[in-house]
Structures are given as structure tokens and as C-alpha cells.
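Source file data-v1.txt; content: compact mmCIF, C-alpha atoms.
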```txt
# COMPACT_ATOMS: atom_id res chain seq x y z
CA MET A 29 -42.76 25.11 -28.64
CA ASP A 30 -41.12 27.22 -31.32
CA MET A 31 -37.41 27.16 -32.20
CA ALA A 32 -36.53 30.15 -29.99
CA GLU A 33 -38.19 28.57 -26.97
CA ALA A 34 -36.40 25.27 -27.64
CA VAL A 35 -33.04 27.06 -27.69
CA ARG A 36 -33.81 28.87 -24.44
CA SER A 37 -35.00 25.69 -22.71
CA ALA A 38 -31.75 23.96 -23.63
CA GLY A 39 -29.70 26.76 -22.07
CA ALA A 40 -28.31 27.73 -25.46
CA GLU A 41 -29.52 31.31 -25.70
CA SER A 42 -26.18 32.60 -26.92
CA VAL A 43 -25.87 32.11 -30.66
CA ARG A 44 -22.11 32.64 -30.60
CA GLU A 45 -20.41 30.46 -27.99
CA ASP A 46 -17.30 31.79 -26.28
CA PRO A 47 -14.24 30.31 -28.13
CA GLU A 48 -12.57 29.16 -24.91
CA GLU A 49 -15.74 27.42 -23.78
CA ALA A 50 -16.04 25.69 -27.15
CA TRP A 51 -12.37 24.63 -27.00
CA ALA A 52 -12.83 23.27 -23.47
CA LYS A 53 -15.75 21.06 -24.52
CA VAL A 54 -13.52 19.36 -27.07
CA GLU A 55 -10.32 19.37 -25.02
CA ILE A 56 -11.91 17.64 -22.03
CA TRP A 57 -12.14 14.39 -24.00
CA ARG A 58 -8.34 14.17 -24.02
CA TYR A 59 -8.52 13.71 -20.26
CA VAL A 60 -11.51 11.40 -20.31
CA PHE A 61 -9.66 9.05 -22.69
CA GLY A 62 -6.08 9.95 -21.81
CA PHE A 63 -5.19 6.31 -21.18
CA VAL A 64 -5.99 5.24 -24.76
CA GLU A 65 -2.70 6.37 -26.31
CA MET A 66 -0.58 4.43 -23.83
CA ALA A 67 -2.77 1.33 -24.14
CA ALA A 68 -2.67 1.34 -27.95
CA VAL A 69 1.09 1.87 -28.03
CA LYS A 70 1.60 -0.95 -25.52
CA CYS A 71 -0.56 -3.19 -27.72
CA VAL A 72 1.56 -2.71 -30.85
CA ILE A 73 4.79 -3.17 -28.86
CA GLU A 74 3.52 -6.48 -27.50
CA LEU A 75 2.40 -7.56 -30.98
CA GLY A 76 5.82 -6.62 -32.36
CA ILE A 77 4.37 -4.48 -35.14
CA PRO A 78 7.23 -1.95 -35.30
CA ASP A 79 9.71 -4.84 -35.57
CA VAL A 80 7.75 -6.47 -38.39
CA LEU A 81 7.55 -3.23 -40.38
CA GLU A 82 11.25 -2.54 -39.87
CA ALA A 83 12.26 -6.04 -40.93
CA ARG A 84 10.18 -5.87 -44.12
CA GLY A 85 11.59 -2.51 -45.16
CA GLU A 86 8.61 -1.85 -47.43
CA PRO A 87 4.86 -1.22 -47.02
CA VAL A 88 3.10 -4.15 -45.34
CA ALA A 89 -0.52 -4.86 -46.20
CA LEU A 90 -3.04 -5.29 -43.39
CA GLU A 91 -3.56 -9.02 -44.00
CA ASP A 92 0.20 -9.66 -44.02
CA LEU A 93 0.71 -7.65 -40.84
CA ALA A 94 -2.13 -9.45 -39.10
CA SER A 95 -0.72 -12.84 -40.18
CA ALA A 96 2.78 -11.92 -38.99
CA THR A 97 1.50 -10.86 -35.58
CA GLY A 98 -1.21 -13.48 -35.12
CA SER A 99 -3.94 -10.86 -34.81
CA ASP A 100 -7.42 -10.34 -36.22
CA PRO A 101 -7.10 -8.03 -39.26
CA ARG A 102 -10.45 -6.33 -38.59
CA LEU A 103 -9.44 -5.40 -35.05
CA LEU A 104 -5.86 -4.57 -35.98
CA SER A 105 -7.03 -2.13 -38.65
CA ARG A 106 -8.77 -0.06 -35.97
CA VAL A 107 -5.69 0.10 -33.77
CA MET A 108 -3.55 1.09 -36.75
CA ARG A 109 -6.07 3.73 -37.84
CA PHE A 110 -5.89 5.30 -34.38
CA LEU A 111 -2.08 5.31 -34.28
CA ILE A 112 -1.82 6.63 -37.84
CA ASN A 113 -3.96 9.53 -36.71
CA ARG A 114 -1.35 10.05 -33.97
CA ARG A 115 1.41 9.96 -36.62
CA ILE A 116 2.97 6.89 -35.03
CA PHE A 117 2.60 4.86 -38.23
CA GLU A 118 1.99 5.92 -41.82
CA ALA A 119 -0.42 4.40 -44.34
CA ARG A 120 0.66 4.08 -47.96
CA ALA A 121 -1.34 2.81 -50.90
CA THR A 122 0.13 -0.69 -50.52
CA GLY A 123 0.33 -0.91 -46.72
CA TYR A 124 1.75 0.41 -43.47
CA VAL A 125 5.24 1.80 -42.96
CA GLN A 126 7.37 3.01 -40.07
CA THR A 127 7.84 6.60 -38.92
CA PRO A 128 10.63 8.03 -36.73
CA LEU A 129 8.23 7.73 -33.80
CA SER A 130 7.31 4.08 -34.40
CA ARG A 131 11.00 3.16 -34.63
CA LEU A 132 11.31 4.21 -31.00
CA LEU A 133 8.85 1.41 -30.19
CA MET A 134 10.92 -1.45 -31.62
CA SER A 135 12.09 -4.14 -29.21
CA HIS A 136 15.71 -3.53 -30.19
CA GLY A 137 17.87 -0.68 -31.43
CA GLY A 138 19.75 2.13 -29.76
CA GLY A 139 16.78 4.50 -29.69
CA SER A 140 14.09 2.09 -28.53
CA MET A 141 11.83 3.33 -25.72
CA ALA A 142 9.63 0.22 -25.76
CA GLY A 143 10.93 -0.93 -22.39
CA PHE A 144 10.00 2.36 -20.79
CA VAL A 145 6.46 2.14 -22.17
CA LEU A 146 6.11 -1.42 -20.88
CA MET A 147 7.27 -0.42 -17.40
CA GLU A 148 5.02 2.62 -17.05
CA SER A 149 2.03 0.74 -18.48
CA SER A 150 2.50 -2.28 -16.20
CA PRO A 151 -0.27 -2.94 -13.63
CA VAL A 152 2.22 -2.34 -10.81
CA MET A 153 3.00 1.19 -12.03
CA LEU A 154 -0.54 2.08 -13.08
CA ALA A 155 -2.21 1.10 -9.81
CA PRO A 156 -0.61 3.91 -7.72
CA TRP A 157 -2.39 6.56 -9.79
CA GLN A 158 -5.65 5.34 -8.24
CA HIS A 159 -4.26 6.30 -4.82
CA LEU A 160 -2.90 9.75 -5.66
CA GLY A 161 -5.78 11.59 -3.98
CA ARG A 162 -5.39 9.47 -0.83
CA TYR A 163 -1.68 10.33 -0.77
CA LEU A 164 -2.37 14.06 -1.06
CA LYS A 165 -4.79 13.79 1.88
CA GLY A 166 -2.22 11.94 3.98
CA GLU A 167 -4.18 8.68 4.13
CA VAL A 168 -1.24 6.61 2.79
CA SER A 169 2.53 7.12 3.05
CA SER A 170 2.79 7.18 -0.74
CA SER A 171 0.64 6.38 -3.76
CA PHE A 172 2.80 3.38 -4.62
CA THR A 173 2.59 2.01 -1.08
CA GLY A 174 -1.16 2.54 -1.07
CA ALA A 175 -1.44 0.33 -4.14
CA ASN A 176 1.29 -2.24 -3.47
CA SER A 177 1.73 -2.22 0.35
CA VAL A 178 5.47 -1.42 0.13
CA ASP A 179 7.58 1.26 -1.61
CA VAL A 180 8.79 0.76 -5.17
CA TRP A 181 12.32 -0.32 -4.19
CA SER A 182 11.16 -2.87 -1.63
CA TYR A 183 8.70 -4.20 -4.19
CA ALA A 184 11.42 -4.56 -6.85
CA ALA A 185 13.72 -6.33 -4.40
CA VAL A 186 11.31 -9.26 -4.03
CA HIS A 187 9.75 -9.18 -7.50
CA PRO A 188 12.53 -9.87 -10.06
CA GLU A 189 10.16 -9.38 -13.00
CA HIS A 190 9.48 -5.79 -11.91
CA ARG A 191 13.14 -5.16 -11.17
CA ASP A 192 13.93 -6.32 -14.70
CA LEU A 193 11.27 -3.95 -16.11
CA ILE A 194 12.90 -1.03 -14.28
CA SER A 195 16.36 -1.99 -15.54
CA LEU A 196 15.03 -2.35 -19.10
CA ALA A 197 13.40 1.09 -18.92
CA MET A 198 16.56 2.72 -17.55
CA ALA A 199 18.62 1.04 -20.28
CA CYS A 200 16.28 2.46 -22.94
CA ASP A 201 16.81 5.95 -21.59
CA ALA A 202 20.57 5.47 -21.22
CA ARG A 203 21.01 4.50 -24.87
CA ILE A 204 19.44 7.81 -25.88
CA VAL A 205 20.79 10.14 -23.20
CA VAL A 206 24.42 9.04 -22.76
CA PRO A 207 25.39 9.54 -26.44
CA GLY A 208 23.95 13.06 -26.15
CA VAL A 209 26.04 13.71 -23.06
CA ILE A 210 29.17 12.49 -24.80
CA ARG A 211 28.38 14.61 -27.84
CA GLU A 212 27.70 17.79 -25.87
CA CYS A 213 30.01 17.35 -22.86
CA LEU A 214 32.96 15.26 -24.07
CA ASP A 215 35.39 17.71 -22.46
CA VAL A 216 34.01 16.72 -19.04
CA PHE A 217 35.55 13.26 -19.48
CA GLU A 218 38.99 14.45 -20.58
CA GLY A 219 41.59 13.28 -18.09
CA VAL A 220 39.04 11.11 -16.28
CA LYS A 221 40.40 7.56 -15.88
CA SER A 222 37.60 6.09 -13.79
CA VAL A 223 33.87 6.72 -13.42
CA VAL A 224 31.46 5.29 -10.86
CA ASP A 225 27.85 5.16 -12.05
CA VAL A 226 25.72 5.52 -8.92
CA GLY A 227 22.47 3.59 -9.29
CA GLY A 228 23.61 2.34 -12.68
CA ALA A 229 21.14 -0.58 -12.93
CA ASP A 230 22.42 -3.16 -15.44
CA GLY A 231 25.42 -1.05 -16.53
CA THR A 232 24.10 0.09 -19.91
CA SER A 233 25.08 3.73 -19.28
CA LEU A 234 28.68 2.83 -18.50
CA GLY A 235 28.77 0.44 -21.44
CA VAL A 236 27.94 3.30 -23.80
CA LEU A 237 30.39 5.63 -22.04
CA VAL A 238 33.44 3.33 -21.98
CA LYS A 239 32.87 2.35 -25.59
CA ALA A 240 33.04 6.02 -26.62
CA CYS A 241 35.81 6.80 -24.11
CA PRO A 242 37.95 3.63 -23.94
CA TRP A 243 40.41 5.26 -21.55
CA ILE A 244 37.78 5.15 -18.80
CA ARG A 245 37.38 2.29 -16.33
CA GLY A 246 33.78 1.95 -15.18
CA ILE A 247 32.36 0.96 -11.79
CA ASN A 248 28.65 0.17 -11.98
CA PHE A 249 27.33 0.68 -8.44
CA ASP A 250 23.84 -0.38 -7.37
CA LEU A 251 22.04 -2.43 -4.76
CA PRO A 252 23.53 -5.94 -4.48
CA HIS A 253 20.53 -7.70 -5.99
CA VAL A 254 20.72 -5.32 -8.99
CA ALA A 255 24.49 -5.28 -9.46
CA SER A 256 24.59 -9.09 -9.37
CA THR A 257 22.57 -9.22 -12.59
CA GLY A 258 24.60 -6.56 -14.45
CA LEU A 259 25.60 -6.99 -18.09
CA LYS A 260 29.02 -8.35 -18.92
CA ILE A 261 30.81 -5.30 -20.33
CA ASP A 262 34.51 -4.90 -21.05
CA ASN A 263 36.21 -2.49 -18.64
CA VAL A 264 33.14 -2.28 -16.36
CA GLU A 265 33.05 -3.76 -12.85
CA HIS A 266 29.72 -4.31 -11.07
CA VAL A 267 29.77 -3.45 -7.37
CA GLY A 268 26.90 -3.88 -4.94
CA GLY A 269 26.28 -1.52 -2.04
CA ASP A 270 24.18 1.27 -0.55
CA MET A 271 24.64 4.78 -1.93
CA PHE A 272 23.28 6.23 1.33
CA LEU A 273 26.25 4.75 3.19
CA HIS A 274 29.15 4.82 0.73
CA VAL A 275 30.07 5.38 -2.92
CA PRO A 276 33.17 3.71 -4.44
CA GLU A 277 36.04 6.06 -5.22
CA ALA A 278 36.64 7.22 -8.80
CA ASP A 279 37.83 10.28 -10.71
CA ALA A 280 34.21 11.18 -11.45
CA ALA A 281 30.78 10.07 -10.27
CA PHE A 282 27.94 9.73 -12.76
CA ILE A 283 24.36 9.68 -11.52
CA MET A 284 21.42 9.68 -13.93
CA TRP A 285 17.73 9.77 -13.02
CA VAL A 286 18.37 8.66 -9.45
CA LEU A 287 18.11 11.85 -7.42
CA HIS A 288 14.60 12.65 -8.66
CA ASP A 289 13.45 9.50 -6.84
CA TRP A 290 14.32 11.04 -3.48
CA GLY A 291 13.55 14.02 -1.26
CA ASP A 292 16.05 16.78 -0.57
CA ASP A 293 17.49 15.27 2.61
CA GLU A 294 18.10 11.93 0.89
CA CYS A 295 19.66 13.69 -2.11
CA VAL A 296 22.06 15.53 0.19
CA LYS A 297 23.21 12.20 1.67
CA ILE A 298 23.73 10.66 -1.77
CA LEU A 299 25.50 13.71 -3.21
CA THR A 300 27.70 14.11 -0.15
CA ASN A 301 28.86 10.52 -0.59
CA CYS A 302 29.43 11.18 -4.29
CA ARG A 303 31.48 14.29 -3.48
CA GLN A 304 33.58 12.37 -0.97
CA ALA A 305 34.18 9.60 -3.53
CA VAL A 306 35.90 11.88 -6.08
CA PRO A 307 39.17 13.81 -5.69
CA SER A 308 38.88 17.24 -4.04
CA ARG A 309 40.98 18.61 -6.90
CA GLY A 310 39.85 17.75 -10.41
CA GLY A 311 36.99 15.55 -9.27
CA LYS A 312 33.46 16.05 -10.53
CA VAL A 313 29.97 14.64 -10.12
CA ILE A 314 27.99 14.44 -13.35
CA ILE A 315 24.24 14.58 -12.69
CA LEU A 316 21.68 13.88 -15.41
CA GLU A 317 18.27 15.15 -14.36
CA SER A 318 15.40 17.28 -15.57
CA VAL A 319 15.61 20.97 -14.67
CA LEU A 320 12.15 22.52 -14.46
CA ASP A 321 11.42 26.02 -15.68
CA LYS A 322 9.41 28.17 -13.29
CA GLU A 323 7.52 29.83 -16.15
CA THR A 324 4.23 28.36 -17.40
CA ASP A 325 3.77 27.88 -21.15
CA TYR A 326 0.69 25.59 -21.17
CA GLY A 327 2.50 22.68 -22.82
CA GLU A 328 3.98 24.54 -25.78
CA ASP A 329 7.52 23.42 -24.89
CA LYS A 330 7.37 19.62 -25.13
CA ARG A 331 10.59 19.13 -23.16
CA LYS A 332 9.29 21.28 -20.32
CA ASP A 333 5.93 19.54 -20.43
CA THR A 334 7.65 16.15 -20.18
CA GLY A 335 9.52 17.36 -17.12
CA LEU A 336 6.22 18.24 -15.46
CA MET A 337 4.79 14.83 -16.36
CA LEU A 338 7.85 13.22 -14.80
CA ASP A 339 7.18 15.19 -11.65
CA MET A 340 3.70 13.69 -11.53
CA CYS A 341 5.25 10.23 -11.95
CA MET A 342 7.53 10.91 -8.99
CA LEU A 343 4.44 11.87 -7.00
CA ALA A 344 2.77 8.57 -7.90
CA HIS A 345 5.73 6.21 -7.74
CA THR A 346 8.05 7.46 -4.97
CA ASP A 347 7.74 8.52 -1.34
CA HIS A 348 9.43 11.93 -1.59
CA GLY A 349 10.83 12.18 -5.12
CA LYS A 350 10.34 15.18 -7.38
CA GLU A 351 11.70 17.04 -10.38
CA ARG A 352 13.50 20.25 -9.44
CA THR A 353 13.96 23.80 -10.65
CA LEU A 354 17.42 25.30 -11.07
CA ALA A 355 17.06 27.04 -7.70
CA GLU A 356 16.09 23.77 -6.02
CA TRP A 357 19.09 22.00 -7.52
CA LYS A 358 21.38 24.77 -6.30
CA LEU A 359 20.00 24.40 -2.78
CA VAL A 360 20.63 20.64 -2.75
CA LEU A 361 24.13 20.99 -4.20
CA ASP A 362 25.09 23.75 -1.76
CA ARG A 363 23.88 21.65 1.18
CA SER A 364 25.98 18.74 -0.15
CA GLY A 365 29.15 20.83 0.08
CA PHE A 366 29.93 21.46 -3.58
CA ALA A 367 31.95 24.56 -4.37
CA SER A 368 30.39 25.22 -7.76
CA HIS A 369 28.33 23.70 -10.54
CA THR A 370 27.36 24.27 -14.16
CA VAL A 371 24.19 23.28 -16.02
CA LYS A 372 24.01 22.38 -19.70
CA PRO A 373 20.82 21.25 -21.50
CA ILE A 374 21.26 18.22 -23.75
CA PRO A 375 19.45 18.70 -27.08
CA GLY A 376 16.87 16.04 -27.87
CA VAL A 377 16.51 14.65 -24.35
CA VAL A 378 14.63 15.63 -21.19
CA GLN A 379 17.63 15.71 -18.89
CA SER A 380 20.26 18.42 -18.48
CA ALA A 381 23.86 17.79 -17.44
CA ILE A 382 24.59 19.28 -14.03
CA ILE A 383 28.34 19.17 -13.39
CA ALA A 384 29.16 19.65 -9.70
CA TYR A 385 32.69 20.34 -8.43
CA PRO A 386 33.92 19.68 -4.85
```

Render the structure in this file as C-alpha cells.
Amino acid sequence: MDMAEAVRSAGAESVREDPEEAWAKVEIWRYVFGFVEMAAVKCVIELGIPDVLEARGEPVALEDLASATGSDPRLLSRVMRFLINRRIFEARATGYVQTPLSRLLMSHGGGSMAGFVLMESSPVMLAPWQHLGRYLKGEVSSSFTGANSVDVWSYAAVHPEHRDLISLAMACDARIVVPGVIRECLDVFEGVKSVVDVGGADGTSLGVLVKACPWIRGINFDLPHVASTGLKIDNVEHVGGDMFLHVPEADAAFIMWVLHDWGDDECVKILTNCRQAVPSRGGKVIILESVLDKETDYGEDKRKDTGLMLDMCMLAHTDHGKERTLAEWKLVLDRSGFASHTVKPIPGVVQSAIIAYP
């Protein structure tokens, strides 16, 4: 067989392959091994590598880093090589150093997202993805239930370790988002003497808010088993209850990354209770949620792409939750009886501030 025959027999008659076909053959590996990035990042969080590098404040040699983390230097070097290629760490002549991205993986600090990574990479949250197809075909009531027999909230109620993971993840997000809200929307809190945070988890959001706005009294409102474990914060009261039945009265209601966990009908119940909890004159409901763009840009806009990934997470982890477009938010707010609302993107975070007025 000559060379020409060999090429034809392999199905490679075309000398010049279509560029999109060539790109696809490389791109597909991102989906084959899509789990690797999360797994490697979880590994270095659990080893405490970002904390070690931050504490040293100078390049740390491989042997020193391995000793400090109790890991095998030969194996660790491969993990670090991979994450350096992802620009998570940086290699210098004398060792490894932090990057802005790796600092977000420290166990402490205002910008840490380590808790969120640990929650999403936990076996409980990963298992539902194996049931997504069954959910789409109607074989299970939700992906999460298919994997764990009950919905995510029922599971958290009887598994304190998972409840704590959720609270830790929400606290991570709050420490990044709430300062942005204060920076961009401080005028919203002028004249507001009390704020109820609906679904406020451990109270981190209100803690950041009342520290920046000391004239505000905070009411952290969540399920009783969550509110009972809230952080001790000056000027913040923890109150247990059910947001579907009642929301404590305040000058303003604050609700962040709660509504995307629920379907439209449930959101209307929650928002109606929020509207009734604030004054009809001067009251406001401050909603922090992703607002999806209807246009497709194939992942060029990272914020938009993150919103779409969040929507997939809602599909896997909730019964009816979803991220919403501006039109979908308007529909929910109108059904909840609000007279008007404004929307303001918050630079540097996924959520936008939706301010709804009774």
C-alpha cells in the first residue's frame, strides 16, 4: 500500500482539515476531563497550599511546600504544574508564589471562595449530576432527590455537616458581593433603620452590611435550625421561621441567592411576604440574583457564562429553581404586587441588584 492509499484508507483524504473540525477535536477534551480543574483546586484547598504561600510571603520551594503540607513532593509537583498552567499559581526561580486567583482559595480572608468550592465538590452535590438525564426524562422528581432520596433542604436539615457547608459557601459569596452592593448602591440604604435578610444563613451578609452602615438594625431570618446556629454579631438578631408563611417586618428586605432556588410560584409567595413586611411608602426589597442575557456569546462574557453555569446547578440541585432573564424577573415581581423595580449590575460579581418597590 502506497502513501496515498494509506491516507484514503484512514479516511483522511482531505489534506487541509476544516478549521472548525480541527478545533472541535481539541476542544472536546475539555469536556472529557472537565472535572479535573475542580478536583485539583479542591486538593490544594484541603492541603492548605494557598494559606502556606500567603503566610510565607515569598517563593516557597517544592520540598518546603511538600513538608509544610505533609505531601509527596513528586506528586505535588504534578498538581502544581497543572494549576500553574491554569494561572492559579505562579512558578518563580526559587519556588511557588500566590496569584490573585489562588488568594481566593485561602481558608480565610474576605475574598475567599474556598468554602464554595468545597460545597460544590462534595459527594452530596456531585452525585445529582449523575441523575440529570433521569430528571429531564421525568424518572425522578429532581436530580438531587434521585441521588439523595430527599430534596436539598430536607437533606441539610438532618445532616448538619452539609448544612454547615452550605452556610460556609453562602458566607464566602456574601463577603464578596455585599461590599460591592454597598459600594454601588449605598443610596438604597439611606434612611433605612432596619433590614431583614431573608434566608440569611449564618448572618454574614448582615454582619458586613451593619458594619458599613451602623445605623441599621439587622434581622437575620432563616429556618429555625439554621438561625439557631447564627454568628454572634452586634446589632443583628437571629430569627427562625418560614419565609413561605411570614417575613419579619423591617424598613427593607434583603434577599440574596435565595429566589433562584425556587420556581416562579414559590418566588411569588416569598416576594409577596417580603413586600408585605416592608412599609408601603418608602419600603423596598433588595434582591441579589443573576440576570441572564437572552443573547448567546459562546462564553466570551465570563459573567454571563457563570450565570448559565449557575442555571445548570439549579437544574441539578433544586426541584424547580432557575436563573432568570430580565423579562422573567419582571413577570415574577409583577405577580408579587410590586409597583416598580430597578436593576443595577454590580461590577466584579455575578449578581445584579434588583430593587423592588411596593

As an exercise, work out the distance from CA of Phe110 in chain A to CA of Asp333 in chain A in Å and give it to one decimal place. 23.2 Å

Give me, as a PyMOL selection string, all polymer residues having an atom no more than 12 Å from Asp262 in chain A, counting all atoms listed in the file and skipping those fewer than 2 positions away in the same chain. chain A and resi 231-232+234-239+242-248+259-260+264-266

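Ranking A:Val60, A:Val377, A:Ala89, A:Leu75 by their shortest atom-to-atom distance to Pro207 in chain A, with all atoms listed in the file included, puts A:Val377 first.
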
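Of the listed residues A:Ser195, A:Ser169, A:Gln126, A:Ser364, the one whose atoms come nearest to Met147 in chain A is A:Ser195, with distances taken using all atoms listed in the file.
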
If you count only C-alpha atoms, which residues fall within 10 Å of Gly311 in chain A, apart from same-chain ones fewer than 6 positions away, as a count of residues only? 11

N, CA, C and O atoms are what I want for range 49-68 of chain A; can you complete it accordingly and write them as a short mmCIF file (atom, residue, chain, number, x, y, z; two decimals), in the coordinates of the input?
```
data_model
loop_
_atom_site.label_atom_id
_atom_site.label_comp_id
_atom_site.auth_asym_id
_atom_site.auth_seq_id
_atom_site.Cartn_x
_atom_site.Cartn_y
_atom_site.Cartn_z
N GLU A 49 -14.77 28.41 -24.24
CA GLU A 49 -15.74 27.42 -23.78
C GLU A 49 -15.88 26.30 -24.83
O GLU A 49 -15.96 25.12 -24.48
N ALA A 50 -15.93 26.69 -26.09
CA ALA A 50 -16.04 25.69 -27.15
C ALA A 50 -14.80 24.79 -27.18
O ALA A 50 -14.92 23.57 -27.36
N TRP A 51 -13.62 25.40 -27.03
CA TRP A 51 -12.37 24.63 -27.00
C TRP A 51 -12.38 23.64 -25.83
O TRP A 51 -11.99 22.48 -25.98
N ALA A 52 -12.83 24.11 -24.67
CA ALA A 52 -12.83 23.27 -23.47
C ALA A 52 -13.70 22.04 -23.66
O ALA A 52 -13.36 20.94 -23.19
N LYS A 53 -14.84 22.18 -24.34
CA LYS A 53 -15.75 21.06 -24.52
C LYS A 53 -15.15 19.96 -25.39
O LYS A 53 -15.54 18.80 -25.29
N VAL A 54 -14.22 20.35 -26.26
CA VAL A 54 -13.52 19.36 -27.07
C VAL A 54 -12.30 18.83 -26.33
O VAL A 54 -12.04 17.63 -26.28
N GLU A 55 -11.56 19.73 -25.70
CA GLU A 55 -10.32 19.37 -25.02
C GLU A 55 -10.54 18.39 -23.87
O GLU A 55 -9.69 17.53 -23.61
N ILE A 56 -11.66 18.48 -23.20
CA ILE A 56 -11.91 17.64 -22.03
C ILE A 56 -11.84 16.15 -22.37
O ILE A 56 -11.47 15.32 -21.52
N TRP A 57 -12.16 15.80 -23.63
CA TRP A 57 -12.14 14.39 -24.00
C TRP A 57 -10.73 13.81 -23.98
O TRP A 57 -10.56 12.59 -23.82
N ARG A 58 -9.72 14.65 -24.14
CA ARG A 58 -8.34 14.17 -24.02
C ARG A 58 -8.08 13.61 -22.64
O ARG A 58 -7.29 12.67 -22.47
N TYR A 59 -8.73 14.16 -21.64
CA TYR A 59 -8.52 13.71 -20.26
C TYR A 59 -9.45 12.55 -19.90
O TYR A 59 -9.09 11.69 -19.10
N VAL A 60 -10.61 12.54 -20.51
CA VAL A 60 -11.51 11.40 -20.31
C VAL A 60 -10.86 10.12 -20.86
O VAL A 60 -10.90 9.06 -20.22
N PHE A 61 -10.24 10.22 -22.03
CA PHE A 61 -9.66 9.05 -22.69
C PHE A 61 -8.13 9.12 -22.76
O PHE A 61 -7.51 8.58 -23.68
N GLY A 62 -7.53 9.77 -21.78
CA GLY A 62 -6.08 9.95 -21.81
C GLY A 62 -5.28 8.65 -21.79
O GLY A 62 -4.15 8.61 -22.27
N PHE A 63 -5.88 7.59 -21.27
CA PHE A 63 -5.19 6.31 -21.18
C PHE A 63 -5.08 5.60 -22.52
O PHE A 63 -4.28 4.67 -22.68
N VAL A 64 -5.88 6.00 -23.51
CA VAL A 64 -5.99 5.24 -24.76
C VAL A 64 -4.67 5.21 -25.51
O VAL A 64 -4.26 4.17 -26.04
N GLU A 65 -3.96 6.32 -25.57
CA GLU A 65 -2.70 6.37 -26.31
C GLU A 65 -1.70 5.37 -25.76
O GLU A 65 -1.08 4.60 -26.51
N MET A 66 -1.51 5.38 -24.43
CA MET A 66 -0.58 4.43 -23.83
C MET A 66 -1.00 2.99 -24.09
O MET A 66 -0.16 2.13 -24.43
N ALA A 67 -2.29 2.70 -23.96
CA ALA A 67 -2.77 1.33 -24.14
C ALA A 67 -2.57 0.85 -25.58
O ALA A 67 -2.16 -0.30 -25.81
N ALA A 68 -2.83 1.72 -26.55
CA ALA A 68 -2.67 1.34 -27.95
C ALA A 68 -1.20 1.14 -28.30
O ALA A 68 -0.85 0.21 -29.04
#
```
